[in-house]
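J.: Just protein_30.cif, nothing more (mmCIF, C-alpha atoms and all ligand atoms):
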```cif
data_target
loop_
_atom_site.label_atom_id
_atom_site.label_comp_id
_atom_site.auth_asym_id
_atom_site.auth_seq_id
_atom_site.Cartn_x
_atom_site.Cartn_y
_atom_site.Cartn_z
CA MET C 1 16.35 -19.88 10.67
CA SER C 2 12.83 -21.10 11.05
CA LEU C 3 10.09 -18.50 11.24
CA HIS C 4 7.05 -18.87 13.44
CA LEU C 5 3.76 -17.90 11.75
CA ASN C 6 0.66 -17.04 13.77
CA PRO C 7 -2.34 -16.38 11.49
CA LEU C 8 -4.27 -13.17 12.31
CA HIS C 9 -7.00 -13.18 9.68
CA ALA C 10 -7.94 -16.06 7.35
CA GLU C 11 -5.24 -16.38 4.65
CA LEU C 12 -4.68 -12.62 4.59
CA ALA C 13 -2.50 -11.64 7.55
CA VAL C 14 -0.01 -13.48 9.71
CA GLU C 15 2.21 -12.49 12.63
CA VAL C 16 5.82 -13.49 12.03
CA SER C 17 8.27 -14.10 14.87
CA GLY C 18 11.72 -15.64 15.18
CA ILE C 19 13.45 -13.02 13.02
CA ASN C 20 15.47 -9.84 13.55
CA LEU C 21 14.89 -7.57 10.55
CA ARG C 22 17.97 -5.49 11.42
CA LYS C 23 20.23 -8.38 10.41
CA PRO C 24 20.97 -9.26 6.76
CA LEU C 25 18.61 -11.94 5.48
CA GLY C 26 20.13 -15.28 4.55
CA LYS C 27 18.89 -17.04 1.42
CA GLU C 28 16.90 -19.53 3.47
CA THR C 29 15.12 -16.88 5.53
CA LEU C 30 14.35 -14.82 2.43
CA ALA C 31 12.82 -17.91 0.81
CA GLU C 32 10.73 -18.53 3.96
CA LEU C 33 9.44 -14.95 3.90
CA GLN C 34 8.63 -15.15 0.19
CA SER C 35 6.79 -18.40 0.77
CA ALA C 36 4.84 -16.81 3.67
CA LEU C 37 3.94 -13.82 1.44
CA ALA C 38 2.65 -16.11 -1.30
CA ARG C 39 0.11 -17.53 1.17
CA TYR C 40 -0.47 -14.55 3.48
CA PRO C 41 0.01 -11.22 1.65
CA VAL C 42 0.24 -9.25 4.92
CA LEU C 43 3.09 -10.00 7.35
CA VAL C 44 3.20 -8.39 10.81
CA PHE C 45 6.44 -8.16 12.80
CA HIS C 46 6.63 -6.75 16.33
CA ASP C 47 9.50 -5.06 18.20
CA GLN C 48 11.62 -4.22 15.14
CA ASP C 49 13.34 -0.91 15.84
CA LEU C 50 14.87 -0.32 12.39
CA SER C 51 17.05 2.58 11.29
CA ASP C 52 16.18 4.02 7.86
CA ASP C 53 19.20 2.26 6.37
CA GLU C 54 18.18 -1.09 7.89
CA HIS C 55 14.62 -0.53 6.66
CA ALA C 56 15.87 0.09 3.10
CA VAL C 57 18.31 -2.86 3.14
CA PHE C 58 15.58 -5.25 4.30
CA THR C 59 13.17 -4.00 1.62
CA LYS C 60 15.77 -4.20 -1.15
CA SER C 61 16.12 -7.93 -0.46
CA PHE C 62 12.77 -8.23 -2.27
CA GLY C 63 13.43 -5.98 -5.28
CA PRO C 64 14.42 -2.50 -6.46
CA ILE C 65 13.02 0.48 -4.58
CA ASP C 66 9.97 2.39 -5.84
CA PRO C 67 10.31 6.11 -4.96
CA GLY C 68 6.51 6.61 -4.93
CA LEU C 69 5.36 10.18 -5.40
CA ALA C 70 8.67 11.79 -4.36
CA LEU C 71 9.33 12.95 -7.92
CA ALA C 72 6.09 14.91 -8.08
CA SER C 73 6.21 16.50 -4.62
CA LYS C 74 7.63 19.96 -3.98
CA ARG C 75 8.04 19.16 -0.29
CA LYS C 76 11.49 19.45 1.28
CA GLN C 77 12.82 15.98 2.16
CA ARG C 78 13.21 15.40 5.90
CA LEU C 79 14.92 12.01 5.78
CA LYS C 80 18.49 11.47 4.58
CA ASN C 81 17.83 8.06 3.05
CA THR C 82 15.81 8.79 -0.10
CA ASP C 83 14.71 5.14 -0.40
CA VAL C 84 12.49 5.73 2.64
CA ILE C 85 9.15 7.53 2.19
CA ASP C 86 8.29 9.85 5.06
CA LEU C 87 4.68 9.42 6.19
CA ALA C 88 4.91 11.57 9.32
CA ASN C 89 2.55 14.51 9.85
CA ILE C 90 5.50 16.78 10.67
CA ASP C 91 7.55 19.31 8.71
CA ALA C 92 11.30 19.33 8.04
CA ASP C 93 11.86 20.98 11.45
CA GLY C 94 9.88 18.33 13.32
CA ASN C 95 6.74 20.38 14.00
CA VAL C 96 3.27 18.84 13.56
CA LEU C 97 1.72 20.21 10.34
CA ALA C 98 -1.01 22.83 10.59
CA ALA C 99 -4.45 21.41 9.78
CA ASP C 100 -4.64 23.35 6.51
CA ASN C 101 -1.17 22.31 5.30
CA ALA C 102 -1.44 20.92 1.73
CA ARG C 103 0.68 17.94 2.80
CA ASN C 104 -2.24 16.71 4.90
CA VAL C 105 -4.15 16.04 1.67
CA SER C 106 -1.72 13.24 0.82
CA LEU C 107 -1.81 11.88 4.36
CA ILE C 108 -5.61 11.89 4.34
CA ALA C 109 -5.63 10.36 0.84
CA ASN C 110 -3.93 7.35 2.45
CA GLN C 111 -7.25 6.81 4.23
CA LEU C 112 -8.86 5.86 0.90
CA TRP C 113 -8.61 2.21 -0.22
CA HIS C 114 -5.60 1.92 -2.50
CA SER C 115 -2.66 -0.14 -3.68
CA ASP C 116 0.65 1.75 -3.37
CA SER C 117 1.92 3.14 -6.69
CA SER C 118 -0.82 1.43 -8.74
CA PHE C 119 -0.63 4.63 -10.81
CA LYS C 120 2.95 3.92 -11.90
CA GLN C 121 4.75 1.83 -14.49
CA PRO C 122 6.19 -0.34 -13.03
CA ARG C 123 3.70 -0.62 -10.18
CA ALA C 124 4.57 -1.73 -6.66
CA GLN C 125 5.08 -5.23 -5.37
CA TYR C 126 5.83 -5.12 -1.64
CA SER C 127 5.55 -2.27 0.85
CA VAL C 128 7.28 -2.33 4.24
CA LEU C 129 5.79 0.12 6.73
CA CYS C 130 7.56 0.90 10.01
CA GLY C 131 5.56 2.36 12.87
CA ILE C 132 7.88 4.79 14.66
CA ASP C 133 5.62 6.88 16.86
CA LEU C 134 1.88 6.23 16.86
CA PRO C 135 -0.93 8.06 18.59
CA GLY C 136 -2.84 6.15 21.25
CA GLU C 137 -6.13 6.32 19.40
CA GLY C 138 -7.08 5.83 15.74
CA GLY C 139 -4.64 5.59 12.85
CA GLU C 140 -5.02 1.84 12.39
CA THR C 141 -4.21 0.38 8.95
CA GLU C 142 -6.71 -1.92 7.26
CA PHE C 143 -5.94 -4.46 4.54
CA ALA C 144 -8.46 -6.09 2.21
CA ASP C 145 -7.74 -9.44 0.51
CA GLN C 146 -8.41 -8.96 -3.19
CA ARG C 147 -7.96 -12.68 -3.98
CA ALA C 148 -10.71 -13.65 -1.55
CA ALA C 149 -12.81 -10.77 -2.91
CA TYR C 150 -12.34 -12.03 -6.47
CA ASP C 151 -13.21 -15.61 -5.49
CA ALA C 152 -16.46 -14.39 -3.87
CA LEU C 153 -17.71 -12.49 -6.94
CA PRO C 154 -20.76 -13.89 -8.73
CA ASP C 155 -19.82 -15.73 -11.93
CA THR C 156 -21.69 -13.11 -14.00
CA THR C 157 -19.42 -10.37 -12.59
CA LYS C 158 -16.31 -12.49 -13.12
CA THR C 159 -17.32 -12.88 -16.77
CA ARG C 160 -18.14 -9.18 -17.10
CA ILE C 161 -14.79 -7.95 -15.78
CA GLU C 162 -12.50 -10.56 -17.38
CA GLY C 163 -10.18 -8.73 -19.78
CA LEU C 164 -11.24 -5.23 -18.69
CA VAL C 165 -8.46 -2.67 -18.26
CA ALA C 166 -8.66 0.26 -15.82
CA GLU C 167 -6.81 3.55 -15.91
CA HIS C 168 -5.04 4.46 -12.64
CA TRP C 169 -4.09 8.10 -11.99
CA ALA C 170 -2.16 9.29 -8.94
CA PHE C 171 -4.01 12.56 -8.59
CA HIS C 172 -7.57 11.25 -8.90
CA SER C 173 -7.77 10.78 -5.12
CA ARG C 174 -6.00 14.09 -4.40
CA ASN C 175 -8.43 15.97 -6.64
CA MET C 176 -11.31 14.31 -4.85
CA LEU C 177 -9.94 15.69 -1.56
CA GLY C 178 -9.37 19.20 -2.86
CA GLY C 179 -5.78 19.32 -4.17
CA GLY C 180 -2.34 18.61 -2.68
CA ASP C 181 1.29 19.72 -2.60
CA PHE C 182 2.09 18.89 -6.23
CA THR C 183 3.30 21.12 -9.04
CA PRO C 184 1.92 20.89 -12.63
CA GLU C 185 5.42 19.79 -13.74
CA GLY C 186 5.47 17.10 -11.05
CA MET C 187 2.01 15.90 -12.02
CA ALA C 188 3.08 15.71 -15.67
CA MET C 189 5.79 13.24 -14.59
CA LEU C 190 3.16 10.76 -13.49
CA PRO C 191 0.69 10.30 -16.36
CA PRO C 192 -2.11 7.72 -15.96
CA VAL C 193 -1.30 4.04 -16.52
CA ASP C 194 -3.47 1.05 -17.45
CA TRP C 195 -3.72 -2.27 -15.58
CA PRO C 196 -6.06 -5.25 -15.98
CA ILE C 197 -8.83 -5.36 -13.37
CA VAL C 198 -8.27 -9.10 -12.94
CA ASP C 199 -4.72 -10.30 -12.42
CA THR C 200 -3.02 -13.56 -11.42
CA ILE C 201 -0.32 -13.71 -8.76
CA PRO C 202 2.48 -15.87 -10.21
CA GLU C 203 3.69 -17.25 -6.84
CA SER C 204 0.30 -18.64 -5.82
CA GLY C 205 -1.53 -18.90 -9.14
CA ARG C 206 -4.48 -17.14 -7.49
CA LYS C 207 -6.63 -14.64 -9.34
CA THR C 208 -7.08 -11.23 -7.76
CA LEU C 209 -8.91 -7.97 -8.27
CA PHE C 210 -6.68 -4.96 -8.93
CA ILE C 211 -8.70 -1.80 -8.30
CA GLY C 212 -8.75 1.00 -5.68
CA VAL C 213 -9.15 4.73 -5.44
CA HIS C 214 -6.60 5.55 -8.14
CA THR C 215 -8.83 4.00 -10.83
CA ARG C 216 -10.89 6.53 -12.75
CA GLU C 217 -11.80 4.97 -16.11
CA ILE C 218 -12.26 1.56 -17.70
CA ARG C 219 -11.12 1.31 -21.30
CA GLY C 220 -14.04 0.93 -23.69
CA LEU C 221 -16.75 1.97 -21.19
CA PRO C 222 -18.39 5.38 -20.78
CA THR C 223 -17.04 7.22 -17.71
CA ALA C 224 -20.26 7.00 -15.69
CA GLU C 225 -20.65 3.26 -16.27
CA ALA C 226 -16.95 2.67 -15.56
CA ARG C 227 -16.96 4.63 -12.30
CA MET C 228 -20.12 2.91 -11.09
CA LEU C 229 -18.62 -0.51 -11.81
CA LEU C 230 -15.38 0.48 -10.05
CA LEU C 231 -17.35 1.73 -7.02
CA ASP C 232 -19.43 -1.46 -6.90
CA LEU C 233 -16.29 -3.62 -7.12
CA LEU C 234 -14.59 -1.56 -4.40
CA GLU C 235 -17.62 -1.88 -2.13
CA HIS C 236 -17.64 -5.65 -2.64
CA ALA C 237 -13.86 -5.97 -2.23
CA THR C 238 -13.68 -4.14 1.08
CA GLN C 239 -16.43 -5.97 3.00
CA ARG C 240 -15.43 -6.73 6.56
CA GLU C 241 -14.99 -10.46 5.92
CA PHE C 242 -12.04 -9.65 3.62
CA VAL C 243 -10.42 -7.11 5.98
CA TYR C 244 -7.68 -7.31 8.60
CA ARG C 245 -7.30 -4.23 10.80
CA HIS C 246 -3.82 -3.61 12.20
CA VAL C 247 -3.68 -1.76 15.52
CA TRP C 248 -0.20 -0.26 15.68
CA ARG C 249 2.37 -0.53 18.46
CA ASN C 250 5.60 1.46 18.22
CA HIS C 251 8.27 -0.52 16.32
CA ASP C 252 5.78 -2.72 14.47
CA VAL C 253 6.73 -3.48 10.88
CA VAL C 254 3.97 -4.48 8.47
CA MET C 255 4.83 -5.80 5.02
CA TRP C 256 2.26 -6.45 2.29
CA ASP C 257 1.82 -7.45 -1.32
CA ASN C 258 0.27 -4.53 -3.24
CA ARG C 259 -0.68 -6.80 -6.14
CA CYS C 260 -3.43 -8.58 -4.22
CA THR C 261 -4.38 -6.34 -1.29
CA LEU C 262 -5.88 -2.89 -0.86
CA HIS C 263 -5.14 -0.89 2.26
CA ARG C 264 -6.16 2.32 3.98
CA GLY C 265 -5.28 4.21 7.12
CA ARG C 266 -8.03 5.06 9.58
CA PRO C 267 -8.57 8.59 10.86
CA TYR C 268 -6.56 10.00 13.75
CA ASP C 269 -6.12 13.35 15.46
CA LEU C 270 -4.07 15.39 12.96
CA THR C 271 -2.82 17.70 15.71
CA LYS C 272 -0.97 14.79 17.37
CA LEU C 273 2.33 13.43 16.08
CA ARG C 274 2.04 10.26 14.01
CA GLU C 275 5.17 8.92 12.40
CA LEU C 276 5.46 6.04 9.98
CA ARG C 277 8.01 5.38 7.25
CA ARG C 278 7.56 3.21 4.19
CA CYS C 279 9.81 1.47 1.67
CA THR C 280 8.31 -0.15 -1.40
CA THR C 281 9.62 -2.38 -4.18
CA GLU C 282 8.79 -2.26 -7.87
CA TYR C 283 6.99 -5.17 -9.54
CA LEU C 284 9.27 -5.89 -12.44
CA ALA C 285 7.37 -8.91 -13.73
CA ALA C 286 4.29 -6.82 -14.55
FE FE B 1 -0.43 3.24 1.00
#
```
Give the structure from the file, written as structure tokens.
Ligand SMILES: [Fe+2]
T.:
Amino acid sequence: MSLHLNPLHAELAVEVSGINLRKPLGKETLAELQSALARYPVLVFHDQDLSDDEHAVFTKSFGPIDPGLALASKRKQRLKNTDVIDLANIDADGNVLAADNARNVSLIANQLWHSDSSFKQPRAQYSVLCGIDLPGEGGETEFADQRAAYDALPDTTKTRIEGLVAEHWAFHSRNMLGGGDFTPEGMAMLPPVDWPIVDTIPESGRKTLFIGVHTREIRGLPTAEARMLLLDLLEHATQREFVYRHVWRNHDVVMWDNRCTLHRGRPYDLTKLRELRRCTTEYLAA
């Protein structure tokens, strides 16, 4: 099979056609997708109406599944396939959540710039997000190219951050937004983890920033100085020139490399149904 690639934004995002994600991937097609991901860390597929099982099988072609925050949540699972993370704003009975439901904290936290599971060991490699039912307005997903952002840093900043290690904590963003649906026992299962602020992607050899809203400290720096540096880096790394905004259509599938992109959802009307489902792989080489 030969894929057709239509670039959407610089070397960040590309539309991929000529593939049916419901069918098992042959070796050749998998290699083509991996090669596309090494150049463009965001792949967009249209008209892919995947079942949860098909979604999980496709994702597992790229590595073992990362369960995300499922361990720490006290929420009743709505989906049968536990490899698939439910990102819908509805409860187990299919009703749209009330505005003050604690679950909304996590959904709103997705509107902060982050890399999925950066707070875990191992962290995430690829995420595959399926748009099932999207509202007409708002709710876009934005991606920021952290390789391009690194390349554009002044040399003095590159020198300053080389070798620095940041602490990532899952609940930093939730605390900032006023809490969430997590138990103390669940939170204890996800202690903070450390990752270098500058990383290299093995497949491309490109250097990248690895930051986002889960970072709360930098080893060896006072908290205030660390947080200011992290905020400055985040502001730099999410300038419009580095960002692709995805406007969803039902049955779009968007796949991205969490090692070299940040992403965030944009606001939408919380009283209207919005349903997306995500599968993510672990980065075992890290
Ligand atoms: Fe995310």
J.: Quick one: residues within 12 Å of Met228 (chain C), all atoms listed in the file, excluding same-chain residues fewer than 4 positions away - as number ranges by chain?
T.: C: 215-218, 221-224, 232-235
J.: Could you list, as a PyMOL selection string, all residues that come within 8 Å of ligand FE 1 (chain B)? Count all atoms listed in the file.
T.: chain C and resi 110+114-116+263-265
J.: Closest to Gly139 (chain C) among C:Arg219, C:His46, C:Arg266, C:Arg277, using only C-alpha atoms?
T.: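 Selected residue with least distance to Gly139 (chain C): C:Arg266.
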J.: For CA of Arg103 (chain C) and CA of Met176 (chain C), quote the distance in Å rounded to one decimal.
T.: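 Atom-to-atom, CA of Arg103 (chain C) and CA of Met176 (chain C) are spaced 14.7 Å apart.
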J.: So which one's closest to Ser35 (chain C), C:Leu177, C:Leu129, C:Cys260, C:Leu5? Using all atoms listed in the file, please.
T.: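 Of all the options, C:Leu5 lies closest to Ser35 (chain C).
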J.: Which residues are near Gly179 (chain C)? Cut-off 9 Å, all atoms listed in the file, ignore same chain within fewer than 5 positions. Put them as a list in words.
T.: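 Result of the neighbour search: Ala102, Val105, Ser106, Phe171, Ser173 and Arg174 of chain C.
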J.: Hey, which of C:Arg245, C:Arg259, C:His55, C:Lys27 ends up closest to Ile197 (chain C)? Count all atoms listed in the file.
T.: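 Looking only at the distances to Ile197 (chain C), the closest residue turns out to be C:Arg259.
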J.: Reconstruct N, CA and C atoms of region 103-139 of chain C from the incomplete input and present them as an mmCIF file, in the coordinates of the input.
T.:
```
data_model
loop_
_atom_site.group_PDB
_atom_site.id
_atom_site.type_symbol
_atom_site.label_atom_id
_atom_site.label_comp_id
_atom_site.auth_asym_id
_atom_site.auth_seq_id
_atom_site.Cartn_x
_atom_site.Cartn_y
_atom_site.Cartn_z
ATOM 1 N N ARG C 103 0.118 19.270 2.601
ATOM 2 C CA ARG C 103 0.680 17.940 2.800
ATOM 3 C C ARG C 103 -0.344 16.986 3.433
ATOM 4 N N ASN C 104 -1.227 17.551 4.244
ATOM 5 C CA ASN C 104 -2.240 16.710 4.900
ATOM 6 C C ASN C 104 -3.165 16.047 3.886
ATOM 7 N N VAL C 105 -3.284 16.659 2.688
ATOM 8 C CA VAL C 105 -4.150 16.040 1.670
ATOM 9 C C VAL C 105 -3.625 14.645 1.328
ATOM 10 N N SER C 106 -2.298 14.544 1.147
ATOM 11 C CA SER C 106 -1.720 13.240 0.820
ATOM 12 C C SER C 106 -1.868 12.259 1.977
ATOM 13 N N LEU C 107 -1.685 12.769 3.198
ATOM 14 C CA LEU C 107 -1.810 11.880 4.360
ATOM 15 C C LEU C 107 -3.252 11.395 4.503
ATOM 16 N N ILE C 108 -4.199 12.290 4.246
ATOM 17 C CA ILE C 108 -5.610 11.890 4.340
ATOM 18 C C ILE C 108 -5.979 10.991 3.161
ATOM 19 N N ALA C 109 -5.366 11.239 1.996
ATOM 20 C CA ALA C 109 -5.630 10.360 0.840
ATOM 21 C C ALA C 109 -5.249 8.912 1.143
ATOM 22 N N ASN C 110 -4.296 8.718 2.048
ATOM 23 C CA ASN C 110 -3.930 7.350 2.450
ATOM 24 C C ASN C 110 -5.056 6.654 3.187
ATOM 25 N N GLN C 111 -6.097 7.410 3.548
ATOM 26 C CA GLN C 111 -7.250 6.810 4.230
ATOM 27 C C GLN C 111 -8.298 6.296 3.246
ATOM 28 N N LEU C 112 -7.998 6.436 1.943
ATOM 29 C CA LEU C 112 -8.860 5.860 0.900
ATOM 30 C C LEU C 112 -8.254 4.502 0.494
ATOM 31 N N TRP C 113 -9.104 3.547 0.155
ATOM 32 C CA TRP C 113 -8.610 2.210 -0.220
ATOM 33 C C TRP C 113 -7.737 2.294 -1.469
ATOM 34 N N HIS C 114 -6.511 1.840 -1.361
ATOM 35 C CA HIS C 114 -5.600 1.920 -2.500
ATOM 36 C C HIS C 114 -4.540 0.827 -2.447
ATOM 37 N N SER C 115 -3.848 0.703 -3.584
ATOM 38 C CA SER C 115 -2.660 -0.140 -3.680
ATOM 39 C C SER C 115 -1.519 0.838 -3.977
ATOM 40 N N ASP C 116 -0.428 0.771 -3.194
ATOM 41 C CA ASP C 116 0.650 1.750 -3.370
ATOM 42 C C ASP C 116 1.165 1.757 -4.809
ATOM 43 N N SER C 117 1.317 2.964 -5.354
ATOM 44 C CA SER C 117 1.920 3.140 -6.690
ATOM 45 C C SER C 117 1.202 2.380 -7.803
ATOM 46 N N SER C 118 -0.099 2.099 -7.642
ATOM 47 C CA SER C 118 -0.820 1.430 -8.740
ATOM 48 C C SER C 118 -0.882 2.339 -9.957
ATOM 49 N N PHE C 119 -0.579 3.632 -9.733
ATOM 50 C CA PHE C 119 -0.630 4.630 -10.810
ATOM 51 C C PHE C 119 0.701 4.751 -11.551
ATOM 52 N N LYS C 120 1.634 3.818 -11.269
ATOM 53 C CA LYS C 120 2.950 3.920 -11.900
ATOM 54 C C LYS C 120 3.268 2.699 -12.756
ATOM 55 N N GLN C 121 4.184 2.913 -13.681
ATOM 56 C CA GLN C 121 4.750 1.830 -14.490
ATOM 57 C C GLN C 121 6.247 1.824 -14.259
ATOM 58 N N PRO C 122 6.855 0.826 -13.595
ATOM 59 C CA PRO C 122 6.190 -0.340 -13.030
ATOM 60 C C PRO C 122 5.411 0.022 -11.763
ATOM 61 N N ARG C 123 4.438 -0.814 -11.425
ATOM 62 C CA ARG C 123 3.700 -0.620 -10.180
ATOM 63 C C ARG C 123 4.455 -1.267 -9.037
ATOM 64 N N ALA C 124 3.867 -1.234 -7.853
ATOM 65 C CA ALA C 124 4.570 -1.730 -6.660
ATOM 66 C C ALA C 124 4.294 -3.203 -6.419
ATOM 67 N N GLN C 125 5.295 -3.849 -5.830
ATOM 68 C CA GLN C 125 5.080 -5.230 -5.370
ATOM 69 C C GLN C 125 4.882 -5.202 -3.853
ATOM 70 N N TYR C 126 5.971 -5.075 -3.102
ATOM 71 C CA TYR C 126 5.830 -5.120 -1.640
ATOM 72 C C TYR C 126 6.045 -3.742 -1.025
ATOM 73 N N SER C 127 5.281 -3.439 0.018
ATOM 74 C CA SER C 127 5.550 -2.270 0.850
ATOM 75 C C SER C 127 5.921 -2.751 2.246
ATOM 76 N N VAL C 128 6.841 -2.020 2.878
ATOM 77 C CA VAL C 128 7.280 -2.330 4.240
ATOM 78 C C VAL C 128 7.100 -1.048 5.056
ATOM 79 N N LEU C 129 6.150 -1.075 5.972
ATOM 80 C CA LEU C 129 5.790 0.120 6.730
ATOM 81 C C LEU C 129 6.254 -0.029 8.172
ATOM 82 N N CYS C 130 7.049 0.926 8.638
ATOM 83 C CA CYS C 130 7.560 0.900 10.010
ATOM 84 C C CYS C 130 6.792 1.916 10.841
ATOM 85 N N GLY C 131 6.248 1.476 11.939
ATOM 86 C CA GLY C 131 5.560 2.360 12.870
ATOM 87 C C GLY C 131 6.568 2.900 13.876
ATOM 88 N N ILE C 132 6.842 4.202 13.798
ATOM 89 C CA ILE C 132 7.880 4.790 14.660
ATOM 90 C C ILE C 132 7.246 5.353 15.924
ATOM 91 N N ASP C 133 6.260 6.210 15.726
ATOM 92 C CA ASP C 133 5.620 6.880 16.860
ATOM 93 C C ASP C 133 4.140 7.029 16.534
ATOM 94 N N LEU C 134 3.296 6.276 17.216
ATOM 95 C CA LEU C 134 1.880 6.230 16.860
ATOM 96 C C LEU C 134 1.024 6.836 17.971
ATOM 97 N N PRO C 135 -0.051 7.509 17.566
ATOM 98 C CA PRO C 135 -0.930 8.060 18.590
ATOM 99 C C PRO C 135 -1.675 6.926 19.290
ATOM 100 N N GLY C 136 -2.161 7.187 20.482
ATOM 101 C CA GLY C 136 -2.840 6.150 21.250
ATOM 102 C C GLY C 136 -4.146 5.720 20.621
ATOM 103 N N GLU C 137 -4.786 6.616 19.909
ATOM 104 C CA GLU C 137 -6.130 6.320 19.400
ATOM 105 C C GLU C 137 -6.208 6.546 17.900
ATOM 106 N N GLY C 138 -6.905 5.667 17.186
ATOM 107 C CA GLY C 138 -7.080 5.830 15.740
ATOM 108 C C GLY C 138 -5.796 5.524 14.983
ATOM 109 N N GLY C 139 -5.834 5.776 13.667
ATOM 110 C CA GLY C 139 -4.640 5.590 12.850
ATOM 111 C C GLY C 139 -4.312 4.136 12.552
#
```
